[in-house]
file target.txt (compact mmCIF, C-alpha atoms)
# COMPACT_ATOMS: atom_id res chain seq x y z
CA MET Z 175 13.34 -11.79 15.15
CA LYS Z 176 16.43 -10.22 16.67
CA LYS Z 177 15.93 -6.76 18.12
CA ALA Z 178 18.09 -4.67 20.41
CA HIS Z 179 15.77 -2.99 22.88
CA PHE Z 180 16.35 -0.35 25.53
CA LEU Z 181 13.99 -1.44 28.31
CA LEU Z 182 12.21 1.12 30.47
CA THR Z 183 10.31 0.38 33.65
CA GLY Z 184 6.61 1.18 33.76
CA ALA Z 185 7.37 4.19 35.96
CA ALA Z 186 10.00 5.47 33.58
CA ILE Z 187 7.60 5.14 30.66
CA ALA Z 188 4.93 7.03 32.58
CA VAL Z 189 7.37 9.86 33.37
CA ALA Z 190 8.51 9.97 29.76
CA LEU Z 191 4.95 10.22 28.46
CA ALA Z 192 4.06 12.85 31.03
CA CYS Z 193 7.01 14.95 29.89
CA GLY Z 194 6.11 14.65 26.21
CA ALA Z 195 9.02 12.82 24.61
CA ALA Z 196 11.89 11.11 26.37
CA PRO Z 197 15.41 11.57 25.00
CA ALA Z 198 15.44 9.80 21.66
CA SER Z 199 18.30 7.45 22.53
CA ALA Z 200 16.38 6.08 25.58
CA GLN Z 201 13.36 4.73 23.74
CA THR Z 202 11.94 1.75 21.98
CA VAL Z 203 9.14 3.09 19.80
CA LYS Z 204 6.30 0.67 19.22
CA ILE Z 205 4.32 0.81 15.98
CA ALA Z 206 0.84 -0.76 15.88
CA PHE Z 207 0.06 -2.73 12.73
CA ILE Z 208 -3.75 -2.86 12.42
CA ASP Z 209 -4.70 -5.17 9.56
CA PRO Z 210 -6.09 -8.68 8.93
CA LEU Z 211 -3.98 -11.54 10.27
CA SER Z 212 -6.66 -14.21 9.89
CA GLY Z 213 -9.48 -15.08 7.52
CA MET Z 214 -9.39 -14.81 3.72
CA MET Z 215 -6.95 -11.88 3.81
CA GLY Z 216 -4.83 -13.26 6.66
CA SER Z 217 -1.92 -14.47 4.52
CA LEU Z 218 -1.63 -11.06 2.89
CA GLY Z 219 -1.70 -9.27 6.24
CA THR Z 220 0.92 -11.61 7.68
CA ASN Z 221 3.23 -10.89 4.75
CA GLU Z 222 2.77 -7.15 5.25
CA LEU Z 223 3.37 -7.35 9.01
CA ARG Z 224 6.63 -9.16 8.34
CA SER Z 225 7.53 -6.51 5.78
CA TRP Z 226 7.14 -3.76 8.38
CA GLN Z 227 9.08 -5.79 10.94
CA TYR Z 228 11.86 -6.55 8.46
CA ALA Z 229 12.24 -2.88 7.53
CA ALA Z 230 12.30 -1.99 11.24
CA ASP Z 231 15.04 -4.58 11.79
CA ILE Z 232 17.14 -2.95 9.06
CA ALA Z 233 16.59 0.47 10.61
CA ASN Z 234 17.61 -0.86 14.04
CA GLN Z 235 20.73 -2.57 12.72
CA GLN Z 236 21.85 0.49 10.74
CA ASP Z 237 20.68 3.06 13.31
CA TRP Z 238 18.56 5.03 10.88
CA THR Z 239 16.83 6.85 13.74
CA GLY Z 240 19.93 8.07 15.56
CA GLY Z 241 18.96 6.33 18.78
CA PRO Z 242 15.46 4.90 19.32
CA LYS Z 243 14.74 1.34 18.34
CA LEU Z 244 11.61 0.34 16.44
CA GLU Z 245 9.23 -2.51 17.22
CA VAL Z 246 6.19 -3.34 15.06
CA VAL Z 247 3.33 -5.06 16.93
CA GLY Z 248 0.53 -6.85 15.07
CA PHE Z 249 -3.18 -6.30 15.83
CA ASP Z 250 -5.67 -8.48 13.90
CA ASN Z 251 -8.65 -6.39 12.76
CA ASN Z 252 -10.34 -9.08 10.61
CA LEU Z 253 -10.73 -6.36 7.96
CA SER Z 254 -13.42 -4.71 10.10
CA PRO Z 255 -13.58 -0.90 10.50
CA GLN Z 256 -15.38 -1.30 13.84
CA GLN Z 257 -12.81 -3.73 15.20
CA SER Z 258 -10.02 -1.48 13.92
CA LEU Z 259 -11.34 1.40 16.02
CA THR Z 260 -11.37 -0.83 19.10
CA LEU Z 261 -7.78 -1.87 18.39
CA LEU Z 262 -6.79 1.76 17.86
CA ARG Z 263 -7.99 2.56 21.38
CA GLU Z 264 -6.17 -0.50 22.75
CA ALA Z 265 -2.93 0.57 21.07
CA ALA Z 266 -3.29 4.13 22.36
CA ASP Z 267 -3.99 2.83 25.89
CA GLN Z 268 -0.73 0.85 25.64
CA GLY Z 269 1.15 4.06 24.88
CA ILE Z 270 1.65 3.32 21.18
CA ARG Z 271 1.71 6.57 19.21
CA TYR Z 272 2.34 5.33 15.66
CA ILE Z 273 -0.26 3.36 13.69
CA VAL Z 274 0.18 1.61 10.33
CA GLN Z 275 -2.63 0.16 8.15
CA GLY Z 276 -3.12 -0.54 4.48
CA ASN Z 277 -5.82 -3.12 3.74
CA GLY Z 278 -9.15 -1.57 2.87
CA SER Z 279 -10.02 2.10 2.42
CA SER Z 280 -13.15 1.52 4.51
CA VAL Z 281 -10.81 0.79 7.42
CA GLY Z 282 -8.43 3.58 6.41
CA LEU Z 283 -11.12 6.25 6.33
CA ALA Z 284 -12.41 5.12 9.74
CA LEU Z 285 -8.92 5.23 11.24
CA GLU Z 286 -8.10 8.60 9.67
CA ASP Z 287 -11.19 10.16 11.24
CA ALA Z 288 -10.71 8.40 14.59
CA VAL Z 289 -7.06 9.44 14.89
CA ALA Z 290 -7.93 13.09 14.21
CA LYS Z 291 -10.70 13.04 16.84
CA TYR Z 292 -8.50 11.24 19.37
CA ASN Z 293 -5.76 13.83 18.95
CA GLU Z 294 -8.21 16.69 19.50
CA ARG Z 295 -9.34 15.09 22.76
CA ASN Z 296 -5.88 14.04 23.96
CA PRO Z 297 -3.33 16.82 23.48
CA GLY Z 298 0.14 15.61 24.38
CA LYS Z 299 -0.73 12.00 23.46
CA GLU Z 300 -1.20 12.42 19.72
CA LEU Z 301 -1.17 9.55 17.24
CA VAL Z 302 0.33 9.45 13.72
CA TYR Z 303 -1.20 7.18 11.07
CA LEU Z 304 1.04 5.86 8.29
CA ASN Z 305 -1.22 4.54 5.53
CA TYR Z 306 0.62 2.14 3.24
CA GLY Z 307 -2.17 0.86 1.03
CA ALA Z 308 -5.64 2.35 1.61
CA ILE Z 309 -5.80 4.44 -1.56
CA ASP Z 310 -9.23 6.04 -1.65
CA PRO Z 311 -8.51 9.54 -3.07
CA ALA Z 312 -10.71 11.11 -0.39
CA MET Z 313 -8.04 10.32 2.20
CA THR Z 314 -5.75 13.01 0.80
CA ASN Z 315 -8.49 15.24 -0.61
CA ALA Z 316 -11.87 16.00 0.98
CA LYS Z 317 -11.12 14.00 4.15
CA CYS Z 318 -7.41 14.74 4.46
CA SER Z 319 -5.86 14.98 7.91
CA PHE Z 320 -2.60 16.37 9.24
CA TRP Z 321 -2.09 13.10 11.13
CA GLN Z 322 -2.39 10.76 8.12
CA PHE Z 323 0.42 10.12 5.61
CA SER Z 324 -0.28 8.10 2.43
CA LEU Z 325 2.68 6.00 1.29
CA ASP Z 326 1.02 4.48 -1.81
CA ALA Z 327 -0.21 6.34 -4.90
CA ASN Z 328 -3.97 6.77 -4.62
CA SER Z 329 -6.35 5.09 -7.05
CA ASP Z 330 -6.86 8.22 -9.15
CA MET Z 331 -3.12 8.68 -9.55
CA LYS Z 332 -2.67 5.08 -10.69
CA MET Z 333 -5.59 5.30 -13.10
CA GLU Z 334 -4.28 8.54 -14.57
CA ALA Z 335 -0.99 6.83 -15.39
CA LEU Z 336 -2.59 3.56 -16.54
CA THR Z 337 -5.13 5.12 -18.89
CA SER Z 338 -2.47 7.32 -20.48
CA TYR Z 339 -0.55 4.13 -21.19
CA LEU Z 340 -3.61 2.27 -22.51
CA ALA Z 341 -4.65 5.20 -24.69
CA LYS Z 342 -1.55 4.65 -26.80
CA ASN Z 343 -2.47 1.00 -27.49
CA PRO Z 344 -4.85 0.71 -30.49
CA SER Z 345 -5.60 -2.95 -29.71
CA VAL Z 346 -7.54 -1.89 -26.60
CA LYS Z 347 -11.15 -1.61 -27.77
CA LYS Z 348 -13.41 -3.27 -25.19
CA VAL Z 349 -12.85 -2.87 -21.45
CA TYR Z 350 -14.54 -4.78 -18.62
CA LEU Z 351 -14.46 -3.23 -15.14
CA ILE Z 352 -14.80 -5.46 -12.08
CA ASP Z 353 -14.21 -4.21 -8.54
CA GLN Z 354 -14.97 -4.80 -4.89
CA ASP Z 355 -18.18 -3.16 -3.69
CA TYR Z 356 -16.92 -0.49 -1.34
CA SER Z 357 -15.56 3.05 -1.63
CA PHE Z 358 -12.21 2.13 -3.15
CA GLY Z 359 -13.70 -0.21 -5.77
CA HIS Z 360 -16.20 2.44 -6.83
CA ASP Z 361 -13.39 5.01 -7.10
CA VAL Z 362 -11.40 2.70 -9.39
CA ALA Z 363 -14.39 2.17 -11.70
CA ARG Z 364 -15.31 5.87 -11.74
CA ALA Z 365 -11.78 6.98 -12.56
CA ALA Z 366 -11.42 4.35 -15.31
CA LYS Z 367 -14.60 5.49 -17.05
CA GLU Z 368 -13.80 9.19 -16.75
CA ASP Z 369 -10.18 8.88 -17.85
CA LEU Z 370 -10.88 6.56 -20.79
CA GLU Z 371 -13.70 8.80 -22.01
CA ARG Z 372 -11.35 11.77 -21.91
CA LYS Z 373 -8.36 10.03 -23.54
CA ARG Z 374 -9.92 7.33 -25.77
CA PRO Z 375 -13.67 7.90 -26.25
CA ASP Z 376 -13.72 5.13 -28.86
CA ILE Z 377 -13.07 2.47 -26.20
CA GLN Z 378 -16.27 0.62 -25.25
CA ILE Z 379 -16.98 -0.23 -21.60
CA VAL Z 380 -18.60 -3.67 -21.92
CA GLY Z 381 -18.94 -4.45 -18.22
CA ASP Z 382 -19.07 -2.53 -14.95
CA GLU Z 383 -19.36 -5.07 -12.12
CA PHE Z 384 -19.14 -4.90 -8.32
CA HIS Z 385 -18.99 -7.80 -5.88
CA PRO Z 386 -18.84 -8.10 -2.05
CA LEU Z 387 -15.43 -7.55 -0.42
CA ALA Z 388 -13.67 -10.73 0.76
CA LYS Z 389 -16.83 -12.86 0.67
CA VAL Z 390 -16.94 -14.41 -2.81
CA LYS Z 391 -15.34 -17.85 -3.00
CA ASP Z 392 -16.41 -18.74 -6.55
CA PHE Z 393 -15.76 -16.16 -9.27
CA SER Z 394 -16.77 -18.44 -12.15
CA PRO Z 395 -20.04 -16.53 -12.82
CA TYR Z 396 -18.07 -13.30 -13.13
CA ALA Z 397 -15.48 -14.95 -15.38
CA SER Z 398 -18.27 -16.22 -17.65
CA LYS Z 399 -19.64 -12.68 -17.99
CA ILE Z 400 -16.19 -11.32 -18.87
CA LYS Z 401 -15.72 -13.97 -21.54
CA ALA Z 402 -19.19 -13.43 -23.00
CA SER Z 403 -18.63 -9.66 -23.21
CA GLY Z 404 -15.81 -10.04 -25.71
CA ALA Z 405 -13.58 -7.79 -23.61
CA ASP Z 406 -9.95 -7.54 -24.67
CA THR Z 407 -9.00 -5.76 -21.45
CA VAL Z 408 -10.04 -6.14 -17.80
CA ILE Z 409 -9.31 -3.34 -15.33
CA THR Z 410 -9.68 -4.24 -11.66
CA GLY Z 411 -8.76 -2.78 -8.30
CA ASN Z 412 -9.33 -6.16 -6.60
CA TRP Z 413 -6.76 -7.26 -4.06
CA GLY Z 414 -5.94 -10.25 -1.89
CA SER Z 415 -8.02 -13.41 -2.31
CA ASP Z 416 -10.59 -11.52 -4.41
CA LEU Z 417 -8.00 -10.95 -7.11
CA ALA Z 418 -6.42 -14.40 -6.85
CA LEU Z 419 -9.80 -16.12 -7.20
CA LEU Z 420 -10.88 -13.82 -10.04
CA ILE Z 421 -7.79 -14.62 -12.10
CA LYS Z 422 -8.06 -18.33 -11.32
CA ALA Z 423 -11.69 -18.36 -12.45
CA GLY Z 424 -10.74 -16.51 -15.62
CA LYS Z 425 -8.07 -19.08 -16.34
CA ASP Z 426 -10.54 -21.92 -15.87
CA ALA Z 427 -13.13 -20.20 -18.07
CA GLY Z 428 -10.68 -19.52 -20.89
CA VAL Z 429 -10.75 -15.71 -20.61
CA THR Z 430 -8.12 -14.34 -23.00
CA ALA Z 431 -8.35 -10.64 -22.09
CA ASN Z 432 -5.40 -8.78 -20.57
CA TYR Z 433 -5.87 -7.97 -16.89
CA TYR Z 434 -4.63 -4.58 -15.70
CA THR Z 435 -4.46 -4.69 -11.92
CA TYR Z 436 -3.33 -2.66 -8.94
CA TYR Z 437 -2.51 -5.66 -6.74
CA ALA Z 438 -1.44 -8.72 -8.76
CA THR Z 439 1.86 -8.73 -6.85
CA THR Z 440 0.20 -9.41 -3.50
CA THR Z 441 0.36 -12.70 -1.61
CA GLY Z 442 -1.43 -15.63 -3.24
CA VAL Z 443 -2.19 -13.99 -6.57
CA PRO Z 444 1.03 -15.10 -8.36
CA THR Z 445 0.44 -18.72 -7.37
CA ALA Z 446 -3.15 -18.53 -8.60
CA MET Z 447 -1.98 -17.14 -11.95
CA GLY Z 448 0.93 -19.47 -12.63
CA ALA Z 449 1.68 -20.01 -16.30
CA ALA Z 450 -1.88 -19.12 -17.35
CA GLY Z 451 -1.31 -15.46 -16.49
CA ALA Z 452 1.89 -15.16 -18.51
CA GLY Z 453 1.82 -12.24 -20.90
CA ARG Z 454 -1.74 -11.28 -19.92
CA VAL Z 455 -1.70 -10.09 -16.32
CA LYS Z 456 -0.34 -6.57 -15.82
CA TYR Z 457 0.38 -4.49 -12.74
CA ILE Z 458 0.35 -0.72 -12.28
CA GLY Z 459 2.08 0.35 -9.09
CA TYR Z 460 5.04 2.06 -7.50
CA PHE Z 461 7.58 -0.76 -7.72
CA GLY Z 462 8.78 -3.49 -10.03
CA PRO Z 463 11.32 -5.89 -8.49
CA ASN Z 464 13.04 -6.31 -11.87
CA THR Z 465 13.02 -2.66 -12.93
CA PRO Z 466 16.37 -1.57 -14.43
CA GLY Z 467 17.81 1.24 -12.36
CA ASN Z 468 16.35 0.18 -9.01
CA PRO Z 469 18.61 1.35 -6.16
CA PRO Z 470 21.23 -1.28 -5.17
CA GLN Z 471 19.60 -1.96 -1.80
CA ALA Z 472 16.43 -3.22 -3.53
CA ASP Z 473 18.00 -6.57 -4.42
CA GLN Z 474 19.56 -6.82 -0.96
CA VAL Z 475 16.24 -6.23 0.79
CA PHE Z 476 14.34 -8.62 -1.48
CA ASP Z 477 16.91 -11.38 -1.09
CA GLY Z 478 17.16 -10.88 2.67
CA PHE Z 479 13.39 -11.01 3.18
CA LYS Z 480 13.12 -14.15 1.06
CA LYS Z 481 15.90 -15.83 3.01
CA LYS Z 482 14.36 -14.98 6.37
CA TYR Z 483 10.70 -15.78 5.68
CA ASN Z 484 10.76 -17.97 2.55
CA ASP Z 485 8.30 -15.42 1.17
CA ASP Z 486 8.40 -12.43 -1.17
CA LEU Z 487 8.37 -8.80 -0.13
CA SER Z 488 5.14 -7.53 -1.69
CA MET Z 489 4.83 -4.03 -0.19
CA ILE Z 490 7.85 -1.74 -0.36
CA ALA Z 491 5.74 1.07 1.11
CA THR Z 492 6.63 -0.55 4.43
CA TYR Z 493 10.31 0.17 3.76
CA THR Z 494 9.43 3.72 2.70
CA GLY Z 495 7.40 4.27 5.85
CA ILE Z 496 10.21 3.14 8.14
CA ALA Z 497 12.71 5.29 6.21
CA LEU Z 498 10.52 8.38 6.55
CA LEU Z 499 9.74 7.81 10.21
CA SER Z 500 13.38 7.12 11.06
CA LYS Z 501 14.58 10.25 9.28
CA ALA Z 502 11.99 12.32 11.14
CA PHE Z 503 13.13 10.92 14.49
CA LYS Z 504 16.75 11.65 13.65
CA GLN Z 505 16.07 15.11 12.23
CA THR Z 506 13.95 16.27 15.19
CA HIS Z 507 15.96 14.42 17.88
CA SER Z 508 12.54 13.40 19.18
CA THR Z 509 9.81 10.78 18.90
CA ASP Z 510 7.06 13.26 19.75
CA PRO Z 511 4.28 12.70 17.17
CA VAL Z 512 3.61 16.42 16.64
CA LYS Z 513 7.24 17.19 15.89
CA VAL Z 514 7.59 14.08 13.77
CA ALA Z 515 4.46 14.80 11.73
CA LYS Z 516 5.66 18.32 10.98
CA ALA Z 517 9.06 16.97 9.94
CA LEU Z 518 7.46 14.47 7.57
CA GLU Z 519 5.86 17.25 5.53
CA GLY Z 520 7.90 17.72 2.36
CA MET Z 521 10.44 15.11 3.42
CA LYS Z 522 12.45 13.23 0.77
CA VAL Z 523 13.98 9.78 1.27
CA GLN Z 524 15.67 7.20 -0.92
CA SER Z 525 13.40 4.16 -1.09
CA LEU Z 526 13.58 0.93 -3.05
CA ASN Z 527 11.99 2.62 -6.08
CA GLY Z 528 14.20 5.73 -6.03
CA MET Z 529 13.79 9.16 -4.47
CA VAL Z 530 10.31 9.83 -3.10
CA GLN Z 531 8.77 12.88 -1.42
CA MET Z 532 5.88 13.37 0.99
CA ARG Z 533 3.88 16.27 -0.46
CA ALA Z 534 3.15 18.76 2.32
CA ASP Z 535 -0.14 19.98 0.86
CA ASP Z 536 -2.03 16.72 1.37
CA HIS Z 537 0.44 14.18 2.80
CA GLN Z 538 0.36 12.15 -0.43
CA LEU Z 539 3.67 10.53 -1.34
CA GLN Z 540 4.95 11.48 -4.79
CA GLN Z 541 6.93 8.67 -6.42
CA PRO Z 542 7.63 7.00 -9.78
CA LEU Z 543 5.22 4.35 -11.06
CA VAL Z 544 5.76 1.26 -13.22
CA ILE Z 545 3.70 -0.93 -15.52
CA THR Z 546 4.80 -4.56 -15.52
CA THR Z 547 3.77 -7.86 -17.15
CA TRP Z 548 3.77 -11.37 -15.66
CA VAL Z 549 6.26 -13.46 -17.66
CA LYS Z 550 8.58 -16.45 -17.25
CA ALA Z 551 11.68 -15.58 -15.22
CA ASP Z 552 14.91 -15.77 -17.20
CA GLY Z 553 17.47 -14.76 -14.58
CA LYS Z 554 18.36 -11.64 -16.58
CA VAL Z 555 15.51 -9.29 -17.50
CA VAL Z 556 13.34 -11.03 -14.90
CA LYS Z 557 15.75 -11.98 -12.14
CA HIS Z 558 13.24 -12.22 -9.30
CA ASP Z 559 10.35 -14.64 -9.69
CA GLN Z 560 7.48 -14.60 -7.21
CA GLU Z 561 6.19 -17.29 -4.87
CA ASN Z 562 8.60 -19.81 -6.41
CA THR Z 563 6.42 -20.02 -9.52
CA GLY Z 564 9.25 -19.50 -12.02
CA TYR Z 565 7.37 -16.40 -13.22
CA GLY Z 566 7.92 -12.77 -12.31
CA TRP Z 567 7.30 -9.17 -13.32
CA ARG Z 568 8.90 -7.66 -16.42
CA THR Z 569 8.92 -3.89 -16.31
CA ASP Z 570 7.39 -2.46 -19.50
CA ALA Z 571 7.33 1.22 -18.57
CA VAL Z 572 8.74 3.47 -15.86
CA LEU Z 573 6.67 6.62 -15.32
CA ASP Z 574 8.14 9.51 -13.38
CA ALA Z 575 6.26 10.97 -10.44
CA ALA Z 576 4.94 13.85 -12.53
CA SER Z 577 2.99 11.46 -14.78
CA ALA Z 578 0.65 10.62 -11.91
CA THR Z 579 0.71 13.89 -9.99
CA LEU Z 580 -2.79 15.29 -9.54
CA PRO Z 581 -4.07 18.45 -7.82
CA THR Z 582 -5.56 18.13 -4.36
CA THR Z 583 -8.64 19.63 -2.75
CA CYS Z 584 -7.19 19.09 0.72
CA GLN Z 585 -7.72 21.90 3.21
CA MET Z 586 -5.16 20.87 5.81
CA LYS Z 587 -5.89 21.81 9.41
CA ARG Z 588 -2.57 21.85 11.23
CA PRO Z 589 -2.00 22.03 15.00
CA GLU Z 590 -0.80 25.33 16.36

call {"tool": "encode", "arguments": {"input": "target.txt", "output": "structure tokens"}}
result
Amino acid sequence: MKKAHFLLTGAAIAVALACGAAPASAQTVKIAFIDPLSGMMGSLGTNELRSWQYAADIANQQDWTGGPKLEVVGFDNNLSPQQSLTLLREAADQGIRYIVQGNGSSVGLALEDAVAKYNERNPGKELVYLNYGAIDPAMTNAKCSFWQFSLDANSDMKMEALTSYLAKNPSVKKVYLIDQDYSFGHDVARAAKEDLERKRPDIQIVGDEFHPLAKVKDFSPYASKIKASGADTVITGNWGSDLALLIKAGKDAGVTANYYTYYATTTGVPTAMGAAGAGRVKYIGYFGPNTPGNPPQADQVFDGFKKKYNDDLSMIATYTGIALLSKAFKQTHSTDPVKVAKALEGMKVQSLNGMVQMRADDHQLQQPLVITTWVKADGKVVKHDQENTGYGWRTDAVLDAASATLPTTCQMKRPE
């Protein structure tokens, strides 16, 4: 990876940190990526690390920051909250002031709390946590923090939009819920039941299943239950290998229900689906690569990433995060985390899915959402396939940010 770095001696770095923030143009700002880079979720984490690094490369080449260069450094947490806290301390000890993480709300909640406590104990050495995928609603509600910024729509926001869409479909009559057994999975199931009861009380919930996170290697028993239930619709918050293996098992078992997912675009899932998922696997999220009206740079970024890594960009929140951080550096003429965090509040940037805004009240990004279906790529409506399968995501609906905007209970405690 080509990067232009301004190198500082150890003494110069020490002086810069002691003085708060060095002149912006004199710095290389390191960003710690704390997520799985090995194990069952390792391929997903590797893709996401490259996504952050690729976006940072674009920012460096185009001087988005107005001076400082960006470098994203990977830390393998093995999807463990405890190990993530150890890595957070290691990153802080190395002088890294910006943290990114997105796999697992159990990790995200631990980091959010740890960052807030660290900052209370270490004034002048504060950390900022950019959360690109841990979407437990508590992170921007009851447990919100000034130092955490959520770049993805939380699970309640996505379910609000999804159930409004499903409520208009009379063919949806029996829904099976299957999720990972931790806080995020339980939030997905809770929101699905509450929202469907409110919008379509005639829909029958025929299954409400939880399974261990990243430990199940054979989902055939679960697929058999889904088939036996007679469900016409499956709603799942599963991600990574848990989603890929679930869909594969459903294919093998002859499950004919439509799957509505949060994460079917993530690494490994498209290959597991192949032709068997065509027309049946759906995705609710903040970006569709084939959405009409995407900003022009979307195709450029997708094509460039594919050319460099022979892989697909699966998380555009990484691009959004670099765009926000860069604009804050440029706007404040500083890389000081306190100044940058304050600048991020209410900030708008143009991302790959259009104009987005970081809501100041709770640090929850407000952005449009899409509902897409896995279909055969035709080079026109579906220009981008995924994982060289010949299949990609057809955008069925584009929902403006207001369709998923929810009130917040956040009581933000800001530094003086």

call {"tool": "residues_around", "arguments": {"input": "target.txt", "residues": "Ala335 (chain Z)", "least_positions_apart": "5", "cutoff": "10 Å", "atoms": "only C-alpha atoms", "output": "count of residues only"}}
result
15

call {"tool": "residues_around", "arguments": {"input": "target.txt", "residues": "region 499-502 of chain Z", "least_positions_apart": "5", "cutoff": "6 Å", "atoms": "all atoms listed in the file", "output": "number ranges by chain"}}
result
Z: 238-239, 514, 517

call {"tool": "atom_distance", "arguments": {"input": "target.txt", "atom1": "CA of Thr407 (chain Z)", "atom2": "CA of Thr440 (chain Z)"}}
result
20.5 Å

call {"tool": "closest_residue", "arguments": {"input": "target.txt", "among": "Z:Val408, Z:Val512, Z:Ala431, Z:Ala284", "to": "Lys299 (chain Z)", "atoms": "all atoms listed in the file"}}
result
Z:Val512

call {"tool": "atom_distance", "arguments": {"input": "target.txt", "atom1": "CA of Asp267 (chain Z)", "atom2": "CA of Asp231 (chain Z)"}}
result
24.8 Å

call {"tool": "residues_near_point", "arguments": {"input": "target.txt", "point": "(-0.5, -3.2, 5.9)", "cutoff": "12 Å", "atoms": "all atoms listed in the file", "output": "PyMOL selection string"}}
result
chain Z and resi 205-211+215-227+246-251+253+273-279+281-282+303-309+324-326+414+440+488-493+495

call {"tool": "closest_residue", "arguments": {"input": "target.txt", "among": "Z:Gly442, Z:Gly404, Z:Pro470, Z:Pro395", "to": "Asp426 (chain Z)", "atoms": "all atoms listed in the file"}}
result
Z:Pro395

call {"tool": "atom_distance", "arguments": {"input": "target.txt", "atom1": "CA of Thr337 (chain Z)", "atom2": "CA of Glu368 (chain Z)"}}
result
9.8 Å

call {"tool": "closest_residue", "arguments": {"input": "target.txt", "among": "Z:Gln201, Z:Val549, Z:Asn315, Z:Ile232", "to": "Ala497 (chain Z)", "atoms": "all atoms listed in the file"}}
result
Z:Ile232

call {"tool": "closest_residue", "arguments": {"input": "target.txt", "among": "Z:Phe323, Z:Tyr339, Z:Trp548, Z:Phe461", "to": "Asn432 (chain Z)", "atoms": "only C-alpha atoms"}}
result
Z:Trp548

call {"tool": "closest_residue", "arguments": {"input": "target.txt", "among": "Z:Trp321, Z:Phe503, Z:Trp413, Z:Tyr457", "to": "Val443 (chain Z)", "atoms": "all atoms listed in the file"}}
result
Z:Trp413

call {"tool": "closest_residue", "arguments": {"input": "target.txt", "among": "Z:Met529, Z:Met447, Z:Val523, Z:Leu498", "to": "Gln560 (chain Z)", "atoms": "only C-alpha atoms"}}
result
Z:Met447

call {"tool": "residues_near_point", "arguments": {"input": "target.txt", "point": "(-7.2, -9.6, -4.3)", "cutoff": "10 Å", "atoms": "only C-alpha atoms", "output": "list in words"}}
result
Met214, Met215, Leu218, Asp353, Gln354, Leu387, Ala388, Thr410, Gly411, Asn412, Trp413, Gly414, Ser415, Asp416, Leu417, Ala418, Leu419, Leu420, Ile421, Thr435, Tyr436, Tyr437, Ala438, Thr439, Thr440, Thr441, Gly442 and Val443 of chain Z

call {"tool": "residues_around", "arguments": {"input": "target.txt", "residues": "Asn484 (chain Z)", "least_positions_apart": "6", "cutoff": "10 Å", "atoms": "all atoms listed in the file", "output": "list in words"}}
result
Asp477, Gly478, Glu561 and Asn562 of chain Z
